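For reference, data.cif is printed below; it contains mmCIF, N, CA and C atoms.
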data_protein
loop_
_atom_site.label_atom_id
_atom_site.label_comp_id
_atom_site.auth_asym_id
_atom_site.auth_seq_id
_atom_site.Cartn_x
_atom_site.Cartn_y
_atom_site.Cartn_z
N MET C 1 -240.72 -78.95 48.97
CA MET C 1 -239.37 -78.97 48.44
C MET C 1 -239.26 -80.04 47.36
N ASP C 2 -238.49 -79.74 46.35
CA ASP C 2 -238.20 -80.72 45.32
C ASP C 2 -237.06 -81.61 45.81
N GLU C 3 -236.91 -82.76 45.16
CA GLU C 3 -235.83 -83.68 45.52
C GLU C 3 -235.01 -84.00 44.27
N VAL C 4 -233.71 -84.04 44.43
CA VAL C 4 -232.82 -84.31 43.31
C VAL C 4 -231.97 -85.54 43.60
N ASN C 5 -231.64 -86.27 42.55
CA ASN C 5 -230.69 -87.37 42.64
C ASN C 5 -229.73 -87.27 41.47
N PHE C 6 -228.47 -87.51 41.76
CA PHE C 6 -227.43 -87.53 40.75
C PHE C 6 -226.81 -88.93 40.77
N GLU C 7 -226.42 -89.43 39.60
CA GLU C 7 -225.67 -90.68 39.56
C GLU C 7 -224.86 -90.76 38.28
N PHE C 8 -223.76 -91.47 38.35
CA PHE C 8 -223.03 -91.79 37.14
C PHE C 8 -223.73 -92.98 36.50
N ALA C 9 -224.00 -92.89 35.21
CA ALA C 9 -224.66 -93.96 34.48
C ALA C 9 -223.98 -94.08 33.12
N PRO C 10 -224.08 -95.23 32.48
CA PRO C 10 -223.50 -95.35 31.14
C PRO C 10 -224.04 -94.25 30.23
N ALA C 11 -223.17 -93.72 29.39
CA ALA C 11 -223.57 -92.63 28.51
C ALA C 11 -224.54 -93.08 27.43
N GLY C 12 -224.50 -94.34 27.05
CA GLY C 12 -225.42 -94.85 26.04
C GLY C 12 -224.71 -95.64 24.96
N GLU C 13 -225.48 -96.35 24.19
CA GLU C 13 -224.93 -97.24 23.17
C GLU C 13 -224.12 -96.51 22.10
N GLU C 14 -224.49 -95.27 21.81
CA GLU C 14 -223.81 -94.53 20.74
C GLU C 14 -222.48 -93.93 21.17
N PHE C 15 -222.11 -94.13 22.44
CA PHE C 15 -220.85 -93.59 22.96
C PHE C 15 -219.88 -94.73 23.22
N PRO C 16 -218.58 -94.43 23.19
CA PRO C 16 -217.59 -95.48 23.47
C PRO C 16 -217.81 -96.10 24.85
N ASP C 17 -217.50 -97.39 24.95
CA ASP C 17 -217.62 -98.09 26.23
C ASP C 17 -216.84 -97.35 27.30
N GLY C 18 -217.39 -97.31 28.48
CA GLY C 18 -216.70 -96.71 29.61
C GLY C 18 -217.08 -95.26 29.86
N LEU C 19 -217.63 -94.57 28.86
CA LEU C 19 -218.04 -93.18 29.10
C LEU C 19 -219.31 -93.18 29.93
N ARG C 20 -219.32 -92.29 30.91
CA ARG C 20 -220.48 -92.20 31.79
C ARG C 20 -221.01 -90.77 31.80
N GLN C 21 -222.29 -90.68 32.03
CA GLN C 21 -222.95 -89.39 32.14
C GLN C 21 -223.37 -89.14 33.58
N ILE C 22 -223.57 -87.87 33.90
CA ILE C 22 -224.16 -87.52 35.19
C ILE C 22 -225.66 -87.45 34.97
N LYS C 23 -226.33 -88.50 35.36
CA LYS C 23 -227.79 -88.60 35.21
C LYS C 23 -228.43 -87.85 36.37
N ILE C 24 -229.42 -87.02 36.06
CA ILE C 24 -230.11 -86.23 37.07
C ILE C 24 -231.59 -86.60 37.05
N GLU C 25 -232.11 -86.84 38.24
CA GLU C 25 -233.56 -87.03 38.40
C GLU C 25 -234.07 -85.94 39.34
N VAL C 26 -235.20 -85.37 38.98
CA VAL C 26 -235.88 -84.39 39.83
C VAL C 26 -237.25 -84.96 40.16
N ASN C 27 -237.49 -85.12 41.45
CA ASN C 27 -238.76 -85.69 41.92
C ASN C 27 -239.05 -87.05 41.28
N GLY C 28 -237.99 -87.84 41.09
CA GLY C 28 -238.13 -89.19 40.56
C GLY C 28 -238.25 -89.30 39.06
N VAL C 29 -238.13 -88.19 38.32
CA VAL C 29 -238.24 -88.20 36.87
C VAL C 29 -236.91 -87.71 36.28
N GLU C 30 -236.43 -88.42 35.26
CA GLU C 30 -235.18 -88.00 34.62
C GLU C 30 -235.36 -86.60 34.04
N LEU C 31 -234.35 -85.75 34.27
CA LEU C 31 -234.43 -84.36 33.86
C LEU C 31 -234.71 -84.19 32.36
N PRO C 32 -234.10 -84.95 31.46
CA PRO C 32 -234.45 -84.78 30.04
C PRO C 32 -235.94 -85.00 29.75
N ASP C 33 -236.57 -85.92 30.47
CA ASP C 33 -238.00 -86.16 30.28
C ASP C 33 -238.82 -84.97 30.75
N LEU C 34 -238.44 -84.38 31.87
CA LEU C 34 -239.13 -83.17 32.35
C LEU C 34 -238.99 -82.02 31.34
N VAL C 35 -237.77 -81.86 30.84
CA VAL C 35 -237.50 -80.77 29.91
C VAL C 35 -238.27 -80.98 28.61
N ARG C 36 -238.36 -82.22 28.16
CA ARG C 36 -239.09 -82.50 26.91
C ARG C 36 -240.52 -81.96 26.99
N GLY C 37 -241.18 -82.19 28.12
CA GLY C 37 -242.54 -81.68 28.28
C GLY C 37 -242.61 -80.17 28.17
N ALA C 38 -241.62 -79.49 28.71
CA ALA C 38 -241.59 -78.02 28.65
C ALA C 38 -241.24 -77.52 27.25
N GLU C 39 -240.40 -78.27 26.54
CA GLU C 39 -239.93 -77.81 25.24
C GLU C 39 -240.87 -78.14 24.07
N LEU C 40 -241.73 -79.12 24.24
CA LEU C 40 -242.58 -79.56 23.12
C LEU C 40 -243.38 -78.44 22.47
N PRO C 41 -244.04 -77.55 23.21
CA PRO C 41 -244.79 -76.48 22.52
C PRO C 41 -243.90 -75.62 21.62
N SER C 42 -242.74 -75.24 22.10
CA SER C 42 -241.83 -74.43 21.28
C SER C 42 -241.28 -75.23 20.11
N ALA C 43 -240.95 -76.49 20.36
CA ALA C 43 -240.40 -77.35 19.31
C ALA C 43 -241.42 -77.58 18.20
N ARG C 44 -242.68 -77.78 18.59
CA ARG C 44 -243.73 -77.98 17.58
C ARG C 44 -243.89 -76.72 16.73
N ALA C 45 -243.85 -75.57 17.38
CA ALA C 45 -243.99 -74.31 16.64
C ALA C 45 -242.85 -74.12 15.65
N ASP C 46 -241.66 -74.61 16.00
CA ASP C 46 -240.49 -74.51 15.11
C ASP C 46 -240.34 -75.72 14.20
N GLU C 47 -241.30 -76.66 14.28
CA GLU C 47 -241.24 -77.91 13.52
C GLU C 47 -239.95 -78.68 13.80
N GLU C 48 -239.57 -78.70 15.09
CA GLU C 48 -238.38 -79.41 15.54
C GLU C 48 -238.71 -80.33 16.70
N GLU C 49 -239.86 -80.97 16.64
CA GLU C 49 -240.34 -81.79 17.75
C GLU C 49 -239.32 -82.86 18.16
N ASP C 50 -238.56 -83.38 17.21
CA ASP C 50 -237.61 -84.45 17.51
C ASP C 50 -236.45 -84.00 18.38
N VAL C 51 -236.20 -82.70 18.49
CA VAL C 51 -235.09 -82.25 19.33
C VAL C 51 -235.52 -81.86 20.75
N ALA C 52 -236.82 -81.81 21.01
CA ALA C 52 -237.30 -81.48 22.36
C ALA C 52 -236.84 -82.56 23.33
N GLY C 53 -236.15 -82.16 24.37
CA GLY C 53 -235.67 -83.09 25.39
C GLY C 53 -234.52 -83.96 24.94
N ASN C 54 -233.89 -83.64 23.82
CA ASN C 54 -232.77 -84.43 23.30
C ASN C 54 -231.49 -84.03 24.03
N TYR C 55 -231.39 -84.50 25.26
CA TYR C 55 -230.25 -84.19 26.12
C TYR C 55 -229.69 -85.46 26.72
N ILE C 56 -228.48 -85.34 27.18
CA ILE C 56 -227.82 -86.39 27.96
C ILE C 56 -227.16 -85.68 29.13
N GLY C 57 -226.99 -86.39 30.22
CA GLY C 57 -226.25 -85.81 31.33
C GLY C 57 -224.84 -85.44 30.88
N LEU C 58 -224.21 -84.56 31.60
CA LEU C 58 -222.84 -84.18 31.26
C LEU C 58 -221.99 -85.44 31.20
N VAL C 59 -221.21 -85.58 30.13
CA VAL C 59 -220.47 -86.80 29.89
C VAL C 59 -219.04 -86.67 30.41
N ALA C 60 -218.77 -87.43 31.48
CA ALA C 60 -217.41 -87.47 32.03
C ALA C 60 -216.54 -88.16 30.98
N GLY C 61 -215.42 -87.60 30.67
CA GLY C 61 -214.56 -88.14 29.64
C GLY C 61 -214.49 -87.19 28.46
N TYR C 62 -215.59 -86.49 28.18
CA TYR C 62 -215.58 -85.46 27.15
C TYR C 62 -215.15 -84.13 27.75
N MET C 63 -215.30 -84.03 29.07
CA MET C 63 -214.93 -82.80 29.76
C MET C 63 -214.57 -83.15 31.20
N ARG C 64 -213.76 -82.32 31.81
CA ARG C 64 -213.47 -82.48 33.23
C ARG C 64 -214.55 -81.75 34.01
N ILE C 65 -215.14 -82.42 34.98
CA ILE C 65 -216.26 -81.84 35.69
C ILE C 65 -215.90 -81.63 37.16
N ASP C 66 -215.99 -80.39 37.60
CA ASP C 66 -215.86 -80.02 39.00
C ASP C 66 -217.27 -80.01 39.55
N LEU C 67 -217.66 -81.08 40.27
CA LEU C 67 -219.05 -81.23 40.70
C LEU C 67 -219.56 -80.05 41.51
N ALA C 68 -218.77 -79.59 42.47
CA ALA C 68 -219.21 -78.45 43.29
C ALA C 68 -219.34 -77.20 42.43
N GLY C 69 -218.37 -76.96 41.57
CA GLY C 69 -218.43 -75.78 40.71
C GLY C 69 -219.59 -75.86 39.73
N GLN C 70 -219.87 -77.07 39.26
CA GLN C 70 -220.92 -77.26 38.27
C GLN C 70 -222.32 -77.13 38.87
N PHE C 71 -222.54 -77.75 40.01
CA PHE C 71 -223.90 -77.88 40.52
C PHE C 71 -224.18 -77.11 41.81
N LEU C 72 -223.19 -76.36 42.31
CA LEU C 72 -223.42 -75.59 43.53
C LEU C 72 -223.17 -74.10 43.32
N GLY C 73 -223.50 -73.64 42.13
CA GLY C 73 -223.47 -72.21 41.87
C GLY C 73 -222.11 -71.63 41.57
N GLY C 74 -221.13 -72.50 41.30
CA GLY C 74 -219.80 -72.03 40.94
C GLY C 74 -219.75 -71.63 39.47
N ARG C 75 -218.59 -71.54 38.94
CA ARG C 75 -218.40 -71.13 37.55
C ARG C 75 -218.97 -72.14 36.58
N GLY C 76 -218.97 -73.41 36.95
CA GLY C 76 -219.54 -74.42 36.07
C GLY C 76 -218.80 -74.52 34.75
N THR C 77 -219.53 -74.72 33.69
CA THR C 77 -218.95 -74.85 32.36
C THR C 77 -219.50 -73.78 31.44
N PRO C 78 -219.04 -72.55 31.57
CA PRO C 78 -219.57 -71.51 30.70
C PRO C 78 -219.03 -71.70 29.29
N MET C 79 -219.89 -72.07 28.36
CA MET C 79 -219.44 -72.25 26.99
C MET C 79 -219.98 -71.19 26.06
N PHE C 80 -220.88 -70.40 26.59
CA PHE C 80 -221.45 -69.34 25.79
C PHE C 80 -221.11 -68.03 26.48
N GLU C 81 -220.56 -67.08 25.72
CA GLU C 81 -220.08 -65.84 26.31
C GLU C 81 -221.17 -65.10 27.09
N GLU C 82 -222.40 -65.23 26.66
CA GLU C 82 -223.49 -64.51 27.31
C GLU C 82 -224.31 -65.44 28.20
N SER C 83 -223.63 -66.26 28.98
CA SER C 83 -224.34 -67.23 29.82
C SER C 83 -224.95 -66.59 31.07
N ASP C 84 -224.65 -65.35 31.35
CA ASP C 84 -225.23 -64.61 32.48
C ASP C 84 -225.13 -65.39 33.79
N GLY C 85 -224.01 -66.04 34.02
CA GLY C 85 -223.82 -66.76 35.27
C GLY C 85 -224.54 -68.09 35.32
N LYS C 86 -225.10 -68.53 34.23
CA LYS C 86 -225.80 -69.82 34.19
C LYS C 86 -224.81 -70.94 33.93
N THR C 87 -225.24 -72.14 34.25
CA THR C 87 -224.39 -73.30 34.03
C THR C 87 -225.18 -74.38 33.32
N ALA C 88 -224.47 -75.27 32.66
CA ALA C 88 -225.11 -76.38 31.94
C ALA C 88 -225.51 -77.47 32.93
N LEU C 89 -226.78 -77.87 32.88
CA LEU C 89 -227.25 -79.01 33.66
C LEU C 89 -227.21 -80.27 32.81
N LEU C 90 -227.49 -80.12 31.52
CA LEU C 90 -227.50 -81.24 30.59
C LEU C 90 -226.76 -80.82 29.32
N GLY C 91 -226.17 -81.80 28.66
CA GLY C 91 -225.53 -81.55 27.37
C GLY C 91 -226.44 -82.00 26.25
N CYS C 92 -226.09 -81.62 25.05
CA CYS C 92 -226.80 -82.05 23.86
C CYS C 92 -226.79 -83.58 23.78
N GLY C 93 -227.79 -84.16 23.16
CA GLY C 93 -227.87 -85.61 23.00
C GLY C 93 -226.68 -86.20 22.28
N CYS C 94 -225.90 -85.36 21.56
CA CYS C 94 -224.70 -85.85 20.89
C CYS C 94 -223.55 -86.05 21.87
N GLY C 95 -223.71 -85.55 23.10
CA GLY C 95 -222.68 -85.70 24.12
C GLY C 95 -221.81 -84.47 24.30
N ASP C 96 -221.89 -83.53 23.38
CA ASP C 96 -221.08 -82.32 23.46
C ASP C 96 -221.85 -81.24 24.20
N VAL C 97 -221.42 -80.93 25.40
CA VAL C 97 -222.12 -79.94 26.22
C VAL C 97 -222.11 -78.56 25.57
N GLY C 98 -221.16 -78.30 24.70
CA GLY C 98 -221.09 -77.01 24.04
C GLY C 98 -222.00 -76.89 22.83
N CYS C 99 -222.64 -77.97 22.43
CA CYS C 99 -223.49 -77.99 21.23
C CYS C 99 -224.84 -77.33 21.51
N SER C 100 -225.65 -77.92 22.36
CA SER C 100 -226.98 -77.39 22.69
C SER C 100 -227.35 -77.79 24.11
N PRO C 101 -226.73 -77.15 25.10
CA PRO C 101 -226.99 -77.54 26.49
C PRO C 101 -228.27 -76.93 27.04
N LEU C 102 -228.76 -77.54 28.11
CA LEU C 102 -229.81 -76.92 28.91
C LEU C 102 -229.09 -76.14 30.00
N MET C 103 -229.30 -74.84 30.03
CA MET C 103 -228.65 -73.96 30.98
C MET C 103 -229.66 -73.51 32.03
N ALA C 104 -229.15 -73.22 33.23
CA ALA C 104 -229.99 -72.69 34.30
C ALA C 104 -229.14 -71.87 35.25
N ARG C 105 -229.82 -71.00 35.96
CA ARG C 105 -229.15 -70.28 37.05
C ARG C 105 -229.29 -71.16 38.28
N ILE C 106 -228.19 -71.33 39.01
CA ILE C 106 -228.19 -72.08 40.26
C ILE C 106 -227.91 -71.09 41.38
N THR C 107 -228.86 -71.00 42.31
CA THR C 107 -228.71 -70.09 43.44
C THR C 107 -228.64 -70.92 44.71
N VAL C 108 -227.58 -70.70 45.47
CA VAL C 108 -227.36 -71.45 46.70
C VAL C 108 -227.51 -70.51 47.89
N SER C 109 -228.38 -70.90 48.83
CA SER C 109 -228.52 -70.16 50.08
C SER C 109 -228.09 -71.09 51.22
N ASP C 110 -228.22 -70.63 52.44
CA ASP C 110 -227.84 -71.47 53.58
C ASP C 110 -228.65 -72.76 53.63
N ASP C 111 -229.92 -72.72 53.23
CA ASP C 111 -230.81 -73.86 53.38
C ASP C 111 -231.29 -74.48 52.09
N THR C 112 -231.17 -73.79 50.96
CA THR C 112 -231.74 -74.29 49.71
C THR C 112 -230.78 -74.13 48.53
N VAL C 113 -231.08 -74.89 47.49
CA VAL C 113 -230.45 -74.72 46.18
C VAL C 113 -231.60 -74.62 45.19
N THR C 114 -231.59 -73.58 44.37
CA THR C 114 -232.68 -73.36 43.42
C THR C 114 -232.14 -73.31 42.00
N TRP C 115 -232.85 -74.01 41.11
CA TRP C 115 -232.59 -73.94 39.67
C TRP C 115 -233.73 -73.14 39.05
N ASP C 116 -233.38 -72.11 38.29
CA ASP C 116 -234.40 -71.34 37.58
C ASP C 116 -233.77 -70.68 36.36
N GLU C 117 -234.55 -69.85 35.69
CA GLU C 117 -234.11 -69.14 34.48
C GLU C 117 -233.51 -70.11 33.46
N PHE C 118 -234.22 -71.18 33.19
CA PHE C 118 -233.76 -72.19 32.23
C PHE C 118 -233.72 -71.58 30.83
N GLU C 119 -232.78 -72.07 30.04
CA GLU C 119 -232.71 -71.65 28.65
C GLU C 119 -231.94 -72.66 27.82
N GLN C 120 -232.19 -72.60 26.55
CA GLN C 120 -231.49 -73.37 25.54
C GLN C 120 -230.85 -72.31 24.64
N PRO C 121 -229.55 -72.01 24.83
CA PRO C 121 -228.95 -70.86 24.15
C PRO C 121 -228.91 -70.97 22.64
N THR C 122 -229.00 -72.17 22.09
CA THR C 122 -229.00 -72.29 20.64
C THR C 122 -230.41 -72.16 20.06
N ARG C 123 -231.40 -72.08 20.94
CA ARG C 123 -232.79 -71.87 20.53
C ARG C 123 -233.40 -70.79 21.43
N PRO C 124 -232.95 -69.55 21.26
CA PRO C 124 -233.35 -68.48 22.19
C PRO C 124 -234.84 -68.17 22.20
N GLY C 125 -235.58 -68.56 21.21
CA GLY C 125 -237.01 -68.28 21.18
C GLY C 125 -237.85 -69.28 21.95
N TRP C 126 -237.24 -70.36 22.45
CA TRP C 126 -238.01 -71.38 23.16
C TRP C 126 -238.39 -70.86 24.54
N ASP C 127 -239.60 -71.21 24.96
CA ASP C 127 -240.19 -70.67 26.18
C ASP C 127 -240.07 -71.66 27.34
N TYR C 128 -239.41 -71.22 28.40
CA TYR C 128 -239.27 -72.03 29.62
C TYR C 128 -239.96 -71.35 30.81
N GLU C 129 -240.82 -70.40 30.54
CA GLU C 129 -241.44 -69.62 31.61
C GLU C 129 -242.19 -70.50 32.62
N ASP C 130 -242.82 -71.55 32.15
CA ASP C 130 -243.60 -72.42 33.05
C ASP C 130 -242.80 -73.63 33.54
N PHE C 131 -241.50 -73.65 33.28
CA PHE C 131 -240.65 -74.76 33.70
C PHE C 131 -239.87 -74.36 34.95
N GLY C 132 -240.08 -75.09 36.04
CA GLY C 132 -239.42 -74.74 37.29
C GLY C 132 -240.09 -73.54 37.92
N PRO C 133 -239.47 -72.89 38.86
CA PRO C 133 -238.15 -73.25 39.41
C PRO C 133 -238.23 -74.51 40.25
N PHE C 134 -237.06 -75.11 40.46
CA PHE C 134 -236.94 -76.26 41.34
C PHE C 134 -236.11 -75.82 42.54
N THR C 135 -236.67 -76.02 43.73
CA THR C 135 -235.98 -75.63 44.96
C THR C 135 -235.77 -76.88 45.81
N PHE C 136 -234.51 -77.12 46.14
CA PHE C 136 -234.10 -78.32 46.85
C PHE C 136 -233.59 -77.95 48.24
N ASP C 137 -233.81 -78.84 49.20
CA ASP C 137 -233.19 -78.70 50.50
C ASP C 137 -231.68 -78.86 50.30
N ARG C 138 -230.92 -77.90 50.76
CA ARG C 138 -229.48 -77.92 50.48
C ARG C 138 -228.80 -79.16 51.03
N ALA C 139 -229.18 -79.60 52.22
CA ALA C 139 -228.55 -80.79 52.81
C ALA C 139 -228.82 -82.02 51.94
N GLN C 140 -230.07 -82.20 51.49
CA GLN C 140 -230.40 -83.35 50.62
C GLN C 140 -229.66 -83.23 49.31
N TYR C 141 -229.60 -82.05 48.74
CA TYR C 141 -228.93 -81.78 47.47
C TYR C 141 -227.44 -82.14 47.57
N GLU C 142 -226.78 -81.66 48.61
CA GLU C 142 -225.36 -81.93 48.77
C GLU C 142 -225.09 -83.41 49.02
N ARG C 143 -225.95 -84.07 49.80
CA ARG C 143 -225.79 -85.53 50.00
C ARG C 143 -225.90 -86.26 48.67
N ALA C 144 -226.89 -85.89 47.86
CA ALA C 144 -227.08 -86.54 46.56
C ALA C 144 -225.88 -86.29 45.66
N LEU C 145 -225.36 -85.10 45.68
CA LEU C 145 -224.21 -84.76 44.84
C LEU C 145 -222.94 -85.49 45.28
N MET C 146 -222.73 -85.55 46.57
CA MET C 146 -221.53 -86.21 47.08
C MET C 146 -221.60 -87.73 46.97
N ALA C 147 -222.79 -88.28 46.87
CA ALA C 147 -222.96 -89.73 46.72
C ALA C 147 -222.83 -90.18 45.27
N ILE C 148 -222.57 -89.26 44.38
CA ILE C 148 -222.59 -89.56 42.95
C ILE C 148 -221.63 -90.66 42.54
N ASP C 149 -220.54 -90.81 43.22
CA ASP C 149 -219.54 -91.81 42.81
C ASP C 149 -219.56 -93.06 43.67
N ASP C 150 -220.60 -93.20 44.49
CA ASP C 150 -220.68 -94.40 45.35
C ASP C 150 -220.99 -95.63 44.52
#

How does the structure come out when it is put into structure tokens?
Amino acid sequence: MDEVNFEFAPAGEEFPDGLRQIKIEVNGVELPDLVRGAELPSARADEEEDVAGNYIGLVAGYMRIDLAGQFLGGRGTPMFEESDGKTALLGCGCGDVGCSPLMARITVSDDTVTWDEFEQPTRPGWDYEDFGPFTFDRAQYERALMAIDD
């Protein structure tokens, strides 16, 4: 089983003081770093290496976030009409989740939560076939999500 951690963290120096992001770690690695590894081959082919992994956690303050809806298979933040039930896990490095988010399908069962079918809707040719899926123990996942504001 994979393990996930969520936390509120400062959004970064380029954002106004007080803005926080939802930082996600999977198996002890920040999600943008994991995604960068998956995106580099496609980014190099498109000569856009600098944008691979250029994400930030969803920024509280730029949008209202329903944690359960966002990360437990609810409606989440559909910003693209053809999101096929996917939700944004990360926003663009500029902080605008509607700019270039990392999208995934979140499937919740009695015992697990799975992230798969990753995509970058503004770069539809990028290949995520070898990225994920990530399957989490639902109890650990929910504890991590509910502890986000501790």

Once the PyMOL selection byres (((chain C and resi 23-35 and name CA) around 6) and name CA) is applied to the coordinates I shared, what remains selected? I want it as a count of residues only. 13

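Pairwise distance (CA of Tyr141 in chain C, atom C of Glu119 in chain C) equals 21.9 Å.
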
May I ask which of the residues C:Leu72, C:Arg138, C:Gly85, C:Glu49 is the closest one to Asp111 in chain C, counting all atoms listed in the file? C:Arg138

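Here the question is which of C:Ala104, C:Asp137, C:Gly93, C:Phe15 gets nearest to Gln70 in chain C using only C-alpha atoms, and that residue is C:Ala104.
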
What is the distance between atom N of Gln140 in chain C and atom N of Asp110 in chain C, in Å to one decimal? 11.8 Å

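When DSSP is run on the backbone, the residues of range 73-148 of chain C that fall into helix (DSSP H, G or I) are C:Arg138, C:Ala139, C:Gln140, C:Tyr141, C:Glu142, C:Arg143, C:Ala144, C:Leu145, C:Met146, C:Ala147, C:Ile148.
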
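Each of C:Leu102, C:Pro133, C:Asp127, C:Arg143 was checked against Ser42 in chain C using all atoms listed in the file; the smallest atom-to-atom distance is that of C:Asp127.
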
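From atom C of Glu14 in chain C back to atom N of Phe118 in chain C, the distance works out to 28.3 Å.
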
Hey, what comes out of the PyMOL selection byres ((chain C and resi 58) around 7) on this file? Could you write it as a ChimeraX atom specification? /C:20-23,56-57,59-61,89-91,95,97

Let's see if you can do this: from backbone DSSP, list all strand (DSSP E) residues in chain C, as a ChimeraX atom specification. /C:4-10,20-26,29-30,55-57,59-60,87-92,102-108,112-119,134-137

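Closest approach to Asp2 in chain C from the set C:Asp130, C:Phe71, C:Asp96, C:Thr114 is made by C:Thr114, with distances taken over only C-alpha atoms.
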
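Of the residues under consideration (C:Glu13, C:Cys94, C:Thr87, C:Met1), C:Met1 shows the shortest atom-to-atom contact distance to Phe134 in chain C when counting all atoms listed in the file.
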
Proximity to Ser100 in chain C - best of C:Phe8, C:Thr122, C:Gly18, C:Phe136, only N, CA and C atoms: C:Thr122

Anything within 12 Å of (-238.3, -69.0, 16.5): list those residues as a list in words, counting only C-alpha atoms and sticking to the file's coordinates. Pro41, Ser42, Ala43, Arg44, Ala45, Asp46, Glu47, Glu48, Thr122, Arg123, Pro124, Gly125, Trp126 and Asp127 of chain C

Export of the given selection (N, CA and C atoms) as a PDB file, keeping the file's coordinate frame:
ATOM      1  N   PRO C  41    -244.040 -77.550  23.210  1.00  0.00           N
ATOM      2  CA  PRO C  41    -244.790 -76.480  22.520  1.00  0.00           C
ATOM      3  C   PRO C  41    -243.900 -75.620  21.620  1.00  0.00           C
ATOM      4  N   SER C  42    -242.740 -75.240  22.100  1.00  0.00           N
ATOM      5  CA  SER C  42    -241.830 -74.430  21.280  1.00  0.00           C
ATOM      6  C   SER C  42    -241.280 -75.230  20.110  1.00  0.00           C
ATOM      7  N   ALA C  43    -240.950 -76.490  20.360  1.00  0.00           N
ATOM      8  CA  ALA C  43    -240.400 -77.350  19.310  1.00  0.00           C
ATOM      9  C   ALA C  43    -241.420 -77.580  18.200  1.00  0.00           C
ATOM     10  N   ARG C  44    -242.680 -77.780  18.590  1.00  0.00           N
ATOM     11  CA  ARG C  44    -243.730 -77.980  17.580  1.00  0.00           C
ATOM     12  C   ARG C  44    -243.890 -76.720  16.730  1.00  0.00           C
ATOM     13  N   ALA C  45    -243.850 -75.570  17.380  1.00  0.00           N
ATOM     14  CA  ALA C  45    -243.990 -74.310  16.640  1.00  0.00           C
ATOM     15  C   ALA C  45    -242.850 -74.120  15.650  1.00  0.00           C
ATOM     16  N   ASP C  46    -241.660 -74.610  16.000  1.00  0.00           N
ATOM     17  CA  ASP C  46    -240.490 -74.510  15.110  1.00  0.00           C
ATOM     18  C   ASP C  46    -240.340 -75.720  14.200  1.00  0.00           C
ATOM     19  N   GLU C  47    -241.300 -76.660  14.280  1.00  0.00           N
ATOM     20  CA  GLU C  47    -241.240 -77.910  13.520  1.00  0.00           C
ATOM     21  C   GLU C  47    -239.950 -78.680  13.800  1.00  0.00           C
ATOM     22  N   GLU C  48    -239.570 -78.700  15.090  1.00  0.00           N
ATOM     23  CA  GLU C  48    -238.380 -79.410  15.540  1.00  0.00           C
ATOM     24  C   GLU C  48    -238.710 -80.330  16.700  1.00  0.00           C
ATOM     25  N   THR C 122    -229.000 -72.170  22.090  1.00  0.00           N
ATOM     26  CA  THR C 122    -229.000 -72.290  20.640  1.00  0.00           C
ATOM     27  C   THR C 122    -230.410 -72.160  20.060  1.00  0.00           C
ATOM     28  N   ARG C 123    -231.400 -72.080  20.940  1.00  0.00           N
ATOM     29  CA  ARG C 123    -232.790 -71.870  20.530  1.00  0.00           C
ATOM     30  C   ARG C 123    -233.400 -70.790  21.430  1.00  0.00           C
ATOM     31  N   PRO C 124    -232.950 -69.550  21.260  1.00  0.00           N
ATOM     32  CA  PRO C 124    -233.350 -68.480  22.190  1.00  0.00           C
ATOM     33  C   PRO C 124    -234.840 -68.170  22.200  1.00  0.00           C
ATOM     34  N   GLY C 125    -235.580 -68.560  21.210  1.00  0.00           N
ATOM     35  CA  GLY C 125    -237.010 -68.280  21.180  1.00  0.00           C
ATOM     36  C   GLY C 125    -237.850 -69.280  21.950  1.00  0.00           C
ATOM     37  N   TRP C 126    -237.240 -70.360  22.450  1.00  0.00           N
ATOM     38  CA  TRP C 126    -238.010 -71.380  23.160  1.00  0.00           C
ATOM     39  C   TRP C 126    -238.390 -70.860  24.540  1.00  0.00           C
ATOM     40  N   ASP C 127    -239.600 -71.210  24.960  1.00  0.00           N
ATOM     41  CA  ASP C 127    -240.190 -70.670  26.180  1.00  0.00           C
ATOM     42  C   ASP C 127    -240.070 -71.660  27.340  1.00  0.00           C
TER      43      ASP C 127
END
